[in-house]
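Undergrad: The structure's right below; bear with me while I get my questions together.
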Amino acid sequence: MNKQRLLRHKRNLLTDRNFPSAGEDAAIVAVEPSPYDQPGSSYKLAFTDTEFILREDMRAVRMQLELLKPELIQTEHGIESTVVIFGSARILPLDLAQQRLAEAIAKGNALAVTRARMQVEMSRYYEEARRFAAIVTRATCDADEPLVVVTGGGPGIMEAGNRGAFEAQGKSIGLNIVLQHEQRPNPYITPELCFQFHYFALRKMHFLMRSVALVCFPGGFGTLDELFEVLTLTQARKVRQRPIVLFGESFWRKLINFDYLVETGMISPEDVHLFHFVETAEQAWEVLSQAFGMDNADLAQDSEVLTP
């Protein structure tokens, strides 16, 4: 053994693990069955014992795991800055909305036709979310800290956000949560960044931990919950101020009488400046680029994408 190899050998002896890793021991146990591997036995390794991990007493540990897993994986992927897209799971892409309308007309169901016409009208938000995500992804792909799109991982506006980033050949994150309906991961999320949560609170933390902007499209209770939580935290200065963009001024003003909140003293006049109304992907990106001091000269080129 030459001197260099001897030094390397000694170095390895000094720096090698003293104990086998958890993964190594778990692998050994998996191939060496024991007579105690039976229901009700406590013989399993604690970290491989699903029944133990799911006990009520282990809730704090499970919450730590839901905080740590997405945090560590995003760090490994070099993700530092994100743009969060909120919006309804029920908004359809234009082609599907038009198909639903044609089917409703063919059946002669007046109520279904009315609803389908509204779906066609609202589908423009799907296309804007898709284009906006593509603009963000393309405009920052060569930046020191690219902006990565984050959605709730499901259908509708969430799908549109992940789809736009995917079509722009960028990464995107999906923060899914276990629900009874409307929550299956859409096919456009970067697989390594597709997470699933049990705890709403931990999911909400991950929406905000890396976000530099929040973009909210029309939506229902879930969207309103997420929007107002961000507004409350910003108003109370529990988080740093960042651009909050609302797509579709007529929708939001009809839904929420912001002026009445000011008139009755429920919010301060300056609170209505916590957010910006926009109608198009380009307007939304302009709000963000101005806030970040980014060059907007190439916006037209970046936005030439995603014509369905």
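Each chain of the structure tokens is named A, B, ... in the order shown, its residues numbered from 1; ligands are numbered from 1 in display order.
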Enumerate, as number ranges by chain, the complete set of residues in segment 26-219 of chain A that a backbone-based DSSP assignment places in helix (DSSP H, G or I).

TA: A: 26-31, 46-48, 50-53, 56-76, 94-107, 110-140, 157-167, 191-193, 200-209

Undergrad: Compile the contact shell of Ile91 of chain A as an NGL selection string: residues with an atom at most 12 Å away, counting only C-alpha atoms, same-chain residues fewer than 4 positions apart removed.

TA: :A and (86-87 or 95-97 or 115-116 or 118-129 or 154-160 or 182 or 217-220)

Undergrad: Just want the 8 Å neighbourhood of segment 191-201 of chain A, counted on only C-alpha atoms, with same-chain residues fewer than 2 positions away dropped. Output as a list in words.

TA: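 Using only C-alpha atoms, the neighbours found are Met63, Glu66, Pro70, Ile73, Gln74, Gly153, Ser172, Ile173, Gly174, Leu175, Asn176, Ile177, Val178, Pro185, Ile189, Arg203, Lys204 and Met205 of chain A.
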
Undergrad: Please extract the residues of segment 82-144 of chain A with a backbone DSSP assignment of strand (DSSP E) and present them as number ranges by chain.

TA: A: 82-86

Undergrad: For the residues in the current selection, export N, CA, C and O atoms as a CSV table (one decimal), in the first residue's frame.

TA:
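Dumped to again05.csv:
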chain,number,residue,atom,x,y,z
A,82,THR,N,-40.0,31.6,-4.2
A,82,THR,CA,-41.2,31.0,-4.9
A,82,THR,C,-42.2,32.1,-5.1
A,82,THR,O,-42.3,33.1,-4.4
A,83,VAL,N,-43.1,31.8,-6.1
A,83,VAL,CA,-44.3,32.6,-6.4
A,83,VAL,C,-45.4,31.6,-6.2
A,83,VAL,O,-45.5,30.6,-6.9
A,84,VAL,N,-46.3,32.0,-5.2
A,84,VAL,CA,-47.4,31.1,-4.9
A,84,VAL,C,-48.7,31.5,-5.7
A,84,VAL,O,-49.0,32.7,-5.8
A,85,ILE,N,-49.3,30.5,-6.3
A,85,ILE,CA,-50.5,30.8,-7.1
A,85,ILE,C,-51.7,30.1,-6.4
A,85,ILE,O,-51.7,28.8,-6.2
A,86,PHE,N,-52.7,30.8,-5.9
A,86,PHE,CA,-53.9,30.3,-5.3
A,86,PHE,C,-55.0,30.5,-6.4
A,86,PHE,O,-55.0,31.3,-7.2

Undergrad: From the list A:Arg163, A:Arg253, A:Arg184, A:Arg240, which residue is nearest Met209 of chain A when using only C-alpha atoms?

TA: A:Arg240

Undergrad: I'd like to know which of A:Leu45, A:Ala60, A:Val215, A:Leu231 is closest to Asp271 of chain A, using only C-alpha atoms.

TA: A:Leu231

Undergrad: Distance atom CA of Asp144 of chain A-atom CA of Leu274 of chain A, one decimal place?

TA: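 Atom-to-atom, atom CA of Asp144 of chain A to atom CA of Leu274 of chain A, that is 27.4 Å.
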
Undergrad: Show which residues sit within 10 Å of segment 233-237 of chain A, as a ChimeraX atom specification. Count only C-alpha atoms, and ignore same-chain residues fewer than 5 positions away.

TA: /A:228,242,244,267-268,270-271,274

Undergrad: Could those selected residues go to a file with N, CA and C atoms, as an mmCIF file, in the first residue's frame?

TA:
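Written output follows (part_36.cif):
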data_model
loop_
_atom_site.group_PDB
_atom_site.id
_atom_site.type_symbol
_atom_site.label_atom_id
_atom_site.label_comp_id
_atom_site.auth_asym_id
_atom_site.auth_seq_id
_atom_site.Cartn_x
_atom_site.Cartn_y
_atom_site.Cartn_z
ATOM 1 N N PHE A 228 -56.991 35.553 2.836
ATOM 2 C CA PHE A 228 -57.174 36.380 4.027
ATOM 3 C C PHE A 228 -56.140 36.072 5.098
ATOM 4 N N ARG A 242 -44.941 41.640 0.797
ATOM 5 C CA ARG A 242 -44.573 41.144 -0.525
ATOM 6 C C ARG A 242 -45.732 41.423 -1.454
ATOM 7 N N ILE A 244 -48.979 41.114 -3.378
ATOM 8 C CA ILE A 244 -50.166 40.259 -3.350
ATOM 9 C C ILE A 244 -51.028 40.712 -4.519
ATOM 10 N N ILE A 267 -61.050 48.040 8.625
ATOM 11 C CA ILE A 267 -59.657 48.059 8.190
ATOM 12 C C ILE A 267 -59.264 49.514 7.978
ATOM 13 N N SER A 268 -57.981 49.785 7.955
ATOM 14 C CA SER A 268 -57.490 51.139 7.728
ATOM 15 C C SER A 268 -57.461 51.435 6.232
ATOM 16 N N GLU A 270 -55.181 52.497 4.374
ATOM 17 C CA GLU A 270 -53.960 52.026 3.718
ATOM 18 C C GLU A 270 -53.948 50.502 3.513
ATOM 19 N N ASP A 271 -54.831 49.796 4.196
ATOM 20 C CA ASP A 271 -54.839 48.337 4.052
ATOM 21 C C ASP A 271 -55.253 47.889 2.653
ATOM 22 N N LEU A 274 -52.462 46.859 0.264
ATOM 23 C CA LEU A 274 -51.670 45.652 0.465
ATOM 24 C C LEU A 274 -51.702 44.743 -0.758
#

Undergrad: Give me, as a short mmCIF file (atom, residue, chain, number, x, y, z; two decimals) with N, CA, C and O atoms, in the first residue's frame, all polymer residues having an atom no more than 9 Å from segment 130-138 of chain A, counting only C-alpha atoms and skipping those fewer than 4 positions away in the same chain.

TA:
data_model
loop_
_atom_site.label_atom_id
_atom_site.label_comp_id
_atom_site.auth_asym_id
_atom_site.auth_seq_id
_atom_site.Cartn_x
_atom_site.Cartn_y
_atom_site.Cartn_z
N VAL A 83 -43.06 31.78 -6.10
CA VAL A 83 -44.26 32.58 -6.35
C VAL A 83 -45.45 31.64 -6.17
O VAL A 83 -45.55 30.62 -6.86
N ILE A 85 -49.32 30.52 -6.33
CA ILE A 85 -50.54 30.76 -7.09
C ILE A 85 -51.71 30.06 -6.40
O ILE A 85 -51.69 28.84 -6.23
N TYR A 125 -59.39 32.52 -16.68
CA TYR A 125 -58.44 32.59 -15.56
C TYR A 125 -57.48 31.40 -15.58
O TYR A 125 -56.32 31.54 -15.18
N TYR A 126 -57.96 30.25 -16.05
CA TYR A 126 -57.06 29.10 -16.21
C TYR A 126 -55.95 29.47 -17.19
O TYR A 126 -54.76 29.23 -16.92
N ASP A 142 -32.63 32.07 -15.71
CA ASP A 142 -31.19 32.29 -15.67
C ASP A 142 -30.75 33.16 -14.50
O ASP A 142 -29.58 33.51 -14.39
N PRO A 146 -33.75 31.61 -9.33
CA PRO A 146 -34.96 31.50 -10.16
C PRO A 146 -36.21 31.45 -9.28
O PRO A 146 -36.19 30.88 -8.19
N LEU A 147 -37.28 32.06 -9.77
CA LEU A 147 -38.54 31.99 -9.06
C LEU A 147 -39.26 30.71 -9.45
O LEU A 147 -39.45 30.44 -10.63
N VAL A 148 -39.64 29.93 -8.46
CA VAL A 148 -40.29 28.65 -8.70
C VAL A 148 -41.76 28.77 -8.33
O VAL A 148 -42.10 29.24 -7.24
N VAL A 149 -42.63 28.34 -9.23
CA VAL A 149 -44.07 28.41 -9.00
C VAL A 149 -44.49 27.34 -8.00
O VAL A 149 -44.06 26.19 -8.08
N ILE A 157 -57.07 26.06 -11.24
CA ILE A 157 -56.02 27.07 -11.27
C ILE A 157 -54.68 26.48 -10.84
O ILE A 157 -53.62 26.85 -11.36
N GLU A 159 -53.60 23.41 -11.33
CA GLU A 159 -53.08 22.70 -12.50
C GLU A 159 -52.51 23.69 -13.51
O GLU A 159 -51.44 23.46 -14.10
N ALA A 160 -53.23 24.78 -13.73
CA ALA A 160 -52.78 25.77 -14.71
C ALA A 160 -51.41 26.33 -14.35
O ALA A 160 -50.55 26.52 -15.21
N GLY A 161 -51.19 26.61 -13.06
CA GLY A 161 -49.90 27.13 -12.62
C GLY A 161 -48.78 26.14 -12.85
O GLY A 161 -47.72 26.47 -13.41
N ASN A 162 -48.97 24.91 -12.42
CA ASN A 162 -47.94 23.88 -12.64
C ASN A 162 -47.75 23.61 -14.13
O ASN A 162 -46.62 23.41 -14.60
N ARG A 163 -48.84 23.66 -14.89
CA ARG A 163 -48.76 23.40 -16.33
C ARG A 163 -47.94 24.46 -17.04
O ARG A 163 -47.10 24.15 -17.90
N GLY A 164 -48.17 25.72 -16.69
CA GLY A 164 -47.41 26.80 -17.33
C GLY A 164 -45.92 26.68 -17.08
O GLY A 164 -45.10 26.84 -17.99
N ALA A 165 -45.54 26.35 -15.83
CA ALA A 165 -44.12 26.17 -15.51
C ALA A 165 -43.55 24.96 -16.25
O ALA A 165 -42.43 25.01 -16.77
N PHE A 166 -44.33 23.89 -16.33
CA PHE A 166 -43.89 22.67 -17.03
C PHE A 166 -43.66 22.96 -18.51
O PHE A 166 -42.66 22.55 -19.10
N GLU A 167 -44.59 23.67 -19.13
CA GLU A 167 -44.47 23.98 -20.55
C GLU A 167 -43.34 24.97 -20.83
O GLU A 167 -42.85 25.05 -21.96
N ALA A 168 -42.94 25.72 -19.81
CA ALA A 168 -41.78 26.60 -19.94
C ALA A 168 -40.49 25.89 -19.55
O ALA A 168 -39.44 26.52 -19.42
N GLN A 169 -40.58 24.57 -19.33
CA GLN A 169 -39.44 23.72 -19.04
C GLN A 169 -38.77 24.09 -17.72
O GLN A 169 -37.54 24.06 -17.59
N GLY A 170 -39.60 24.44 -16.73
CA GLY A 170 -39.09 24.77 -15.41
C GLY A 170 -39.67 23.87 -14.34
O GLY A 170 -40.60 23.10 -14.58
N LYS A 171 -39.11 23.97 -13.16
CA LYS A 171 -39.62 23.23 -12.01
C LYS A 171 -40.87 23.92 -11.47
O LYS A 171 -41.05 25.12 -11.63
N SER A 172 -41.69 23.15 -10.79
CA SER A 172 -42.78 23.74 -10.01
C SER A 172 -43.12 22.80 -8.87
O SER A 172 -42.85 21.59 -8.93
N THR A 280 -54.45 40.50 -16.54
CA THR A 280 -53.69 39.65 -17.45
C THR A 280 -52.38 39.18 -16.81
O THR A 280 -51.90 39.77 -15.83
N ALA A 281 -51.82 38.16 -17.40
CA ALA A 281 -50.54 37.64 -16.92
C ALA A 281 -49.44 38.69 -17.02
O ALA A 281 -48.59 38.80 -16.13
N GLU A 282 -49.48 39.48 -18.10
CA GLU A 282 -48.47 40.52 -18.27
C GLU A 282 -48.56 41.58 -17.19
O GLU A 282 -47.54 42.05 -16.67
N ALA A 284 -49.71 41.16 -14.16
CA ALA A 284 -49.24 40.56 -12.91
C ALA A 284 -47.72 40.52 -12.86
O ALA A 284 -47.11 40.84 -11.84
N TRP A 285 -47.11 40.15 -13.98
CA TRP A 285 -45.65 40.10 -14.01
C TRP A 285 -45.06 41.50 -13.87
O TRP A 285 -44.00 41.67 -13.25
N LEU A 299 -40.18 41.12 -21.52
CA LEU A 299 -41.45 40.50 -21.14
C LEU A 299 -42.25 40.02 -22.36
O LEU A 299 -42.79 38.94 -22.35
N ASP A 302 -40.89 36.79 -23.51
CA ASP A 302 -41.14 35.70 -22.56
C ASP A 302 -42.58 35.27 -22.56
O ASP A 302 -42.89 34.14 -22.22
N SER A 303 -43.50 36.16 -22.92
CA SER A 303 -44.92 35.84 -22.80
C SER A 303 -45.49 35.22 -24.07
O SER A 303 -46.66 34.89 -24.13
N GLU A 304 -44.67 35.03 -25.10
CA GLU A 304 -45.16 34.44 -26.34
C GLU A 304 -45.23 32.92 -26.22
O GLU A 304 -44.49 32.17 -26.84
N VAL A 305 -46.14 32.46 -25.36
CA VAL A 305 -46.24 31.03 -25.08
C VAL A 305 -47.68 30.65 -24.85
O VAL A 305 -48.55 31.49 -24.62
N LEU A 306 -47.93 29.37 -24.90
CA LEU A 306 -49.14 28.77 -24.38
C LEU A 306 -50.42 29.28 -25.02
O LEU A 306 -51.36 29.70 -24.35
N THR A 307 -50.49 29.24 -26.30
CA THR A 307 -51.75 29.51 -26.97
C THR A 307 -52.48 28.18 -27.12
O THR A 307 -52.03 27.32 -27.88
#

Undergrad: Of the candidates A:Val29, A:Leu94, A:Glu80, A:Phe221, which one gets nearest to Tyr43 of chain A if we count only C-alpha atoms?

TA: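 When distances to Tyr43 of chain A are compared using only C-alpha atoms, the smallest one comes from A:Val29.
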